[in-house]
$ cat input_24.txt   # compact mmCIF, C-alpha atoms
# COMPACT_ATOMS: atom_id res chain seq x y z
CA MET A 49 -2.97 -13.79 52.08
CA GLU A 50 -1.64 -17.33 52.33
CA GLU A 51 -0.14 -16.57 55.74
CA ASN A 52 -3.15 -14.55 56.98
CA TYR A 53 -1.34 -11.22 57.24
CA ARG A 54 -4.14 -9.45 55.37
CA LEU A 55 -7.56 -10.31 53.96
CA GLU A 56 -7.50 -8.49 50.61
CA ASN A 57 -5.21 -9.01 47.65
CA ILE A 58 -3.39 -5.68 47.18
CA ILE A 59 -2.48 -6.39 43.54
CA GLU A 60 -5.89 -7.65 42.46
CA GLN A 61 -6.74 -4.46 40.56
CA ILE A 62 -3.34 -4.04 38.92
CA ASN A 63 -3.41 -4.46 35.16
CA ILE A 64 0.01 -4.88 33.56
CA LYS A 65 -0.25 -3.84 29.95
CA GLY A 66 2.08 -5.35 27.41
CA VAL A 67 2.99 -4.08 23.97
CA LYS A 68 0.66 -5.43 21.31
CA GLN A 69 2.48 -6.73 18.27
CA GLU A 70 0.61 -7.67 15.12
CA VAL A 71 1.99 -10.63 13.23
CA ILE A 72 2.19 -9.78 9.53
CA HIS A 73 1.48 -12.68 7.24
CA ASN A 74 0.73 -13.42 3.56
CA ILE A 75 3.61 -11.26 2.38
CA LEU A 76 4.12 -11.16 -1.38
CA THR A 77 7.70 -11.22 -2.63
CA SER A 78 9.06 -8.58 -4.99
CA ASP A 79 8.78 -11.07 -7.86
CA GLU A 80 5.15 -11.84 -7.00
CA LEU A 81 4.31 -8.14 -6.85
CA GLU A 82 5.97 -7.52 -10.18
CA ASP A 83 4.12 -10.50 -11.67
CA LEU A 84 0.80 -8.92 -10.63
CA TYR A 85 1.78 -5.77 -12.50
CA TYR A 86 2.98 -7.43 -15.69
CA SER A 87 0.11 -9.94 -15.76
CA TYR A 88 -2.50 -7.19 -15.75
CA GLN A 89 -3.66 -6.91 -19.37
CA THR A 90 -4.58 -3.64 -21.07
CA GLN A 91 -5.57 -5.12 -24.45
CA ILE A 92 -8.92 -6.44 -23.23
CA GLY A 93 -12.06 -4.57 -22.18
CA ASN A 94 -12.18 -0.78 -22.19
CA PRO A 95 -8.65 0.41 -23.10
CA LEU A 96 -9.06 3.72 -21.27
CA ALA A 97 -9.99 2.06 -17.98
CA ARG A 98 -7.44 -0.74 -18.41
CA LYS A 99 -4.50 1.61 -19.04
CA ARG A 100 -5.53 3.83 -16.13
CA ASN A 101 -5.81 0.77 -13.88
CA LYS A 102 -2.37 -0.53 -14.80
CA ILE A 103 -0.77 2.79 -13.94
CA MET A 104 -2.53 2.83 -10.57
CA LEU A 105 -1.41 -0.76 -9.96
CA GLY A 106 2.17 0.24 -10.79
CA LEU A 107 2.07 3.02 -8.20
CA LEU A 108 0.87 0.52 -5.61
CA VAL A 109 3.54 -2.05 -6.49
CA TYR A 110 6.59 0.17 -7.04
CA GLN A 111 5.90 3.26 -4.90
CA GLY A 112 3.87 1.61 -2.14
CA LEU A 113 1.05 4.16 -2.34
CA THR A 114 -2.19 3.82 -0.43
CA THR A 115 -5.62 3.97 -2.06
CA SER A 116 -6.03 7.36 -0.39
CA ASN A 117 -2.84 8.56 -2.11
CA LEU A 118 -4.21 7.45 -5.48
CA GLN A 119 -7.45 9.28 -4.86
CA LYS A 120 -5.74 12.55 -3.93
CA LEU A 121 -3.09 12.66 -6.65
CA GLN A 122 -3.27 15.67 -8.97
CA VAL A 123 -1.77 16.08 -12.43
CA GLU A 124 0.82 18.49 -11.04
CA ASN A 125 2.14 15.78 -8.70
CA ILE A 126 3.65 13.94 -11.68
CA GLN A 127 7.05 15.41 -12.56
CA LEU A 128 7.69 13.65 -15.87
CA TYR A 129 10.94 15.40 -16.76
CA LYS A 130 12.41 14.71 -13.33
CA GLY A 131 11.02 11.18 -13.15
CA LYS A 132 9.50 11.92 -9.76
CA LEU A 133 6.15 11.54 -8.03
CA ASP A 134 5.29 14.18 -5.42
CA VAL A 135 3.08 12.57 -2.76
CA LEU A 136 1.66 15.26 -0.52
CA GLY A 137 1.48 14.76 3.23
CA THR A 138 -1.74 14.40 5.20
CA LYS A 139 -2.73 14.52 8.86
CA LYS A 140 -1.63 10.90 9.17
CA SER A 141 1.36 10.73 6.79
CA ASN A 142 4.39 12.68 5.64
CA GLY A 143 4.89 13.90 2.11
CA ARG A 144 7.65 12.34 0.00
CA LEU A 145 9.23 12.62 -3.44
CA LEU A 146 9.44 9.17 -5.01
CA GLU A 147 11.30 7.88 -8.04
CA ILE A 148 9.17 6.73 -10.98
CA LYS A 149 10.45 3.67 -12.86
CA PRO A 150 11.33 4.22 -16.56
CA TRP A 151 8.54 1.96 -17.82
CA GLN A 152 6.07 3.83 -15.63
CA LEU A 153 7.14 7.12 -17.19
CA MET A 154 6.26 5.88 -20.66
CA GLU A 155 2.81 4.79 -19.52
CA LEU A 156 2.23 8.05 -17.64
CA MET A 157 3.17 10.08 -20.72
CA GLU A 158 0.55 8.20 -22.74
CA TYR A 159 -2.00 8.52 -19.96
CA LEU A 160 -1.55 12.28 -19.53
CA GLY A 161 -1.34 12.97 -23.25
CA GLU A 162 -4.04 10.66 -24.61
CA VAL A 163 -5.96 8.52 -22.12
CA ARG A 164 -6.88 11.08 -19.46
CA PRO A 165 -8.09 13.74 -21.97
CA LYS A 166 -10.41 11.13 -23.52
CA ILE A 167 -11.76 10.19 -20.07
CA LEU A 168 -12.40 13.87 -19.33
CA GLU A 169 -14.19 14.24 -22.65
CA GLN A 170 -16.35 11.14 -22.21
CA THR A 171 -17.33 11.97 -18.63
CA ASN A 172 -17.65 15.73 -19.17
CA LYS A 173 -15.48 16.44 -16.12
CA GLU A 174 -13.26 19.41 -15.37
CA THR A 175 -10.73 18.55 -12.70
CA GLU A 176 -7.00 18.25 -12.02
CA GLN A 177 -7.53 14.90 -10.27
CA LEU A 178 -5.04 12.49 -11.84
CA PHE A 179 -7.08 9.29 -11.90
CA LEU A 180 -10.75 9.42 -12.88
CA PRO A 181 -13.53 6.83 -13.08
CA LEU A 182 -15.42 6.56 -16.35
CA GLY A 183 -18.77 7.28 -14.68
CA THR A 184 -20.13 10.38 -12.98
CA SER A 185 -18.34 9.76 -9.67
CA PHE A 186 -14.89 11.04 -8.76
CA LYS A 187 -14.24 8.18 -6.32
CA LEU A 188 -11.98 5.25 -7.25
CA GLN A 189 -13.50 2.54 -5.01
CA ASN A 190 -15.27 0.67 -7.82
CA SER A 191 -12.21 0.80 -10.07
CA LEU A 192 -9.99 -0.55 -7.29
CA ALA A 193 -12.54 -3.26 -6.49
CA LYS A 194 -12.38 -4.46 -10.12
CA ILE A 195 -8.58 -4.47 -10.01
CA THR A 196 -8.68 -6.49 -6.79
CA LYS A 197 -10.97 -9.10 -8.32
CA GLU A 198 -8.66 -9.56 -11.30
CA LEU A 199 -5.51 -9.77 -9.19
CA LYS A 200 -7.05 -12.57 -7.13
CA ALA A 201 -7.39 -14.56 -10.34
CA ILE A 202 -3.73 -13.93 -11.18
CA ASN A 203 -2.34 -14.97 -7.78
CA HIS A 204 -4.40 -16.97 -5.25
CA LYS A 205 -2.25 -15.53 -2.42
CA PHE A 206 -3.44 -12.02 -3.21
CA ILE A 207 -6.01 -10.63 -0.74
CA ASP A 208 -6.40 -6.88 -1.24
CA VAL A 209 -4.50 -3.73 -2.18
CA LYS A 210 -3.56 -3.13 1.46
CA GLN A 211 -1.57 -6.36 1.29
CA ILE A 212 0.44 -4.86 -1.59
CA ARG A 213 1.58 -1.89 0.49
CA THR A 214 2.43 -4.11 3.45
CA SER A 215 4.49 -6.38 1.19
CA VAL A 216 6.25 -3.44 -0.45
CA ILE A 217 7.32 -2.02 2.93
CA VAL A 218 8.53 -5.41 4.19
CA ASN A 219 10.55 -5.86 0.99
CA TRP A 220 11.96 -2.34 1.27
CA LEU A 221 13.26 -3.15 4.74
CA LYS A 222 15.34 -5.94 3.23
CA GLN A 223 17.09 -3.42 0.96
CA HIS A 224 17.20 -0.13 2.87
CA ASN A 225 17.76 1.16 6.39
CA LEU A 226 14.86 1.97 8.70
CA ARG A 227 14.96 5.74 8.21
CA LYS A 228 14.89 5.51 4.43
CA VAL A 229 11.93 3.13 4.51
CA GLN A 230 10.15 5.49 6.90
CA TYR A 231 10.56 8.23 4.29
CA LEU A 232 9.52 6.05 1.35
CA ALA A 233 6.42 4.85 3.19
CA GLY A 234 5.48 8.33 4.42
CA HIS A 235 5.33 7.21 8.05
CA ARG A 236 5.25 10.05 10.56
CA TYR A 237 6.80 7.95 13.31
CA ILE A 238 9.65 5.44 13.10
CA SER A 239 7.62 3.07 15.28
CA SER A 240 5.14 2.70 12.41
CA THR A 241 7.95 1.43 10.18
CA GLU A 242 9.40 -0.83 12.87
CA ARG A 243 6.17 -2.83 12.92
CA TYR A 244 7.08 -4.19 9.50
CA GLN A 245 10.47 -5.58 10.52
CA GLN A 246 10.63 -9.30 9.84
CA ASP A 247 13.21 -10.17 12.53
CA ASP A 248 10.71 -9.30 15.25
CA LEU A 249 7.93 -11.10 13.39
CA GLU A 250 9.97 -14.28 13.07
CA SER A 251 10.58 -14.29 16.82
CA LEU A 252 6.84 -13.84 17.36
CA HIS A 253 6.14 -16.82 15.12
CA LYS A 254 8.58 -18.91 17.17
CA THR A 255 6.90 -17.80 20.39
CA ILE A 256 3.46 -18.73 19.05
CA ASN A 257 4.68 -22.12 17.87
CA THR A 258 6.32 -22.76 21.23
CA PHE A 259 3.54 -21.75 23.58
CA HIS A 260 0.34 -22.17 21.59
CA PRO A 261 -1.73 -24.98 23.22
CA PHE A 262 -2.34 -26.68 19.88
CA SER A 263 1.26 -26.53 18.65
$ encode --input "input_24.txt" --output "structure tokens"
Amino acid sequence: MEENYRLENIIEQINIKGVKQEVIHNILTSDELEDLYYSYQTQIGNPLARKRNKIMLGLLVYQGLTTSNLQKLQVENIQLYKGKLDVLGTKKSNGRLLEIKPWQLMELMEYLGEVRPKILEQTNKETEQLFLPLGTSFKLQNSLAKITKELKAINHKFIDVKQIRTSVIVNWLKQHNLRKVQYLAGHRYISSTERYQQDDLESLHKTINTFHPFS
């Protein structure tokens, strides 16, 4: 066009698509995650709800479950004598068999033997759903919202339960290889796990700091 060989720009309509990479931030360390768990008190308020909540929090912190996983868990998914948690697969995730920590086993034994039967009795429910609200609903949104509010008071860096899973996966990648973390997280595709790798994220941070107009 500059030399008048043609009037139109032949590449004007070409759109070169890059690969979008999301920068993960506000990661909680393993110690910070564990502090959330141990700082959650069960001696205050309704003991049934508090003990149930702490077990759910433990499954978020140590097994990296999603809120959807918590909602779908059944009593039969807890293998107490094997110390395992059987997380069933869905359309978006793979199933996996996860190790339960010793202190979680003790709490789960109490929950299954004492706490959950009392919740069933109080709510007049008949179900194999593992975690149950104390009201008429079977959904855990309100319970998780209350947990979230309390965790924000424990650690000002805490945002939501999704942040817990993200942090757990990032921390796993520091200890295990990519394929093992893919299994632990229930990712169907290895690319889903690769998005949590910190080496790539650190290079993205450097790129932003280098080329951002306000840096």
$ closest_residue --input "input_24.txt" --among "A:Asn203, A:Thr196, A:Ser215, A:Thr114" --to "His235 of chain A" --atoms "all atoms listed in the file"
A:Thr114
$ closest_residue --input "input_24.txt" --among "A:Arg236, A:Arg227, A:Lys222, A:Lys99" --to "Met157 of chain A" --atoms "all atoms listed in the file"
A:Lys99
$ residues_around --input "input_24.txt" --residues "Lys187 of chain A" --least-positions-apart "5" --cutoff "9 Å" --atoms "all atoms listed in the file" --output "ChimeraX atom specification"
/A:119,180-181
$ closest_residue --input "input_24.txt" --among "A:Leu96, A:Ile238, A:Val218, A:Gln91" --to "Gln170 of chain A" --atoms "only C-alpha atoms"
A:Leu96
$ atom_distance --input "input_24.txt" --atom1 "atom CA of Leu113 of chain A" --atom2 "atom CA of Arg213 of chain A"
6.7 Å
$ atom_distance --input "input_24.txt" --atom1 "atom CA of Asn101 of chain A" --atom2 "atom CA of Ser116 of chain A"
15.0 Å
$ closest_residue --input "input_24.txt" --among "A:Ile148, A:Ile103, A:Ile58, A:Ile207" --to "Val135 of chain A" --atoms "all atoms listed in the file"
A:Ile148
$ residues_around --input "input_24.txt" --residues "Asn94 of chain A" --least-positions-apart "4" --cutoff "12 Å" --atoms "all atoms listed in the file" --output "list of chain:residue names"
A:Gln89, A:Thr90, A:Arg98, A:Lys99, A:Arg100, A:Asn101, A:Val163, A:Ile167, A:Pro181, A:Leu182
$ residues_around --input "input_24.txt" --residues "Glu176 of chain A" --least-positions-apart "5" --cutoff "8 Å" --atoms "all atoms listed in the file" --output "mmCIF file with C-alpha atoms, keeping the file's coordinate frame"
data_model
loop_
_atom_site.group_PDB
_atom_site.id
_atom_site.type_symbol
_atom_site.label_atom_id
_atom_site.label_comp_id
_atom_site.auth_asym_id
_atom_site.auth_seq_id
_atom_site.Cartn_x
_atom_site.Cartn_y
_atom_site.Cartn_z
ATOM 1 C CA GLN A 122 -3.270 15.670 -8.970
ATOM 2 C CA VAL A 123 -1.770 16.080 -12.430
ATOM 3 C CA GLU A 124 0.820 18.490 -11.040
#
$ closest_residue --input "input_24.txt" --among "A:Lys120, A:Lys205, A:Arg144, A:Lys197" --to "Leu232 of chain A" --atoms "all atoms listed in the file"
A:Arg144
$ atom_distance --input "input_24.txt" --atom1 "atom CA of Ser78 of chain A" --atom2 "atom CA of Leu136 of chain A"
25.4 Å
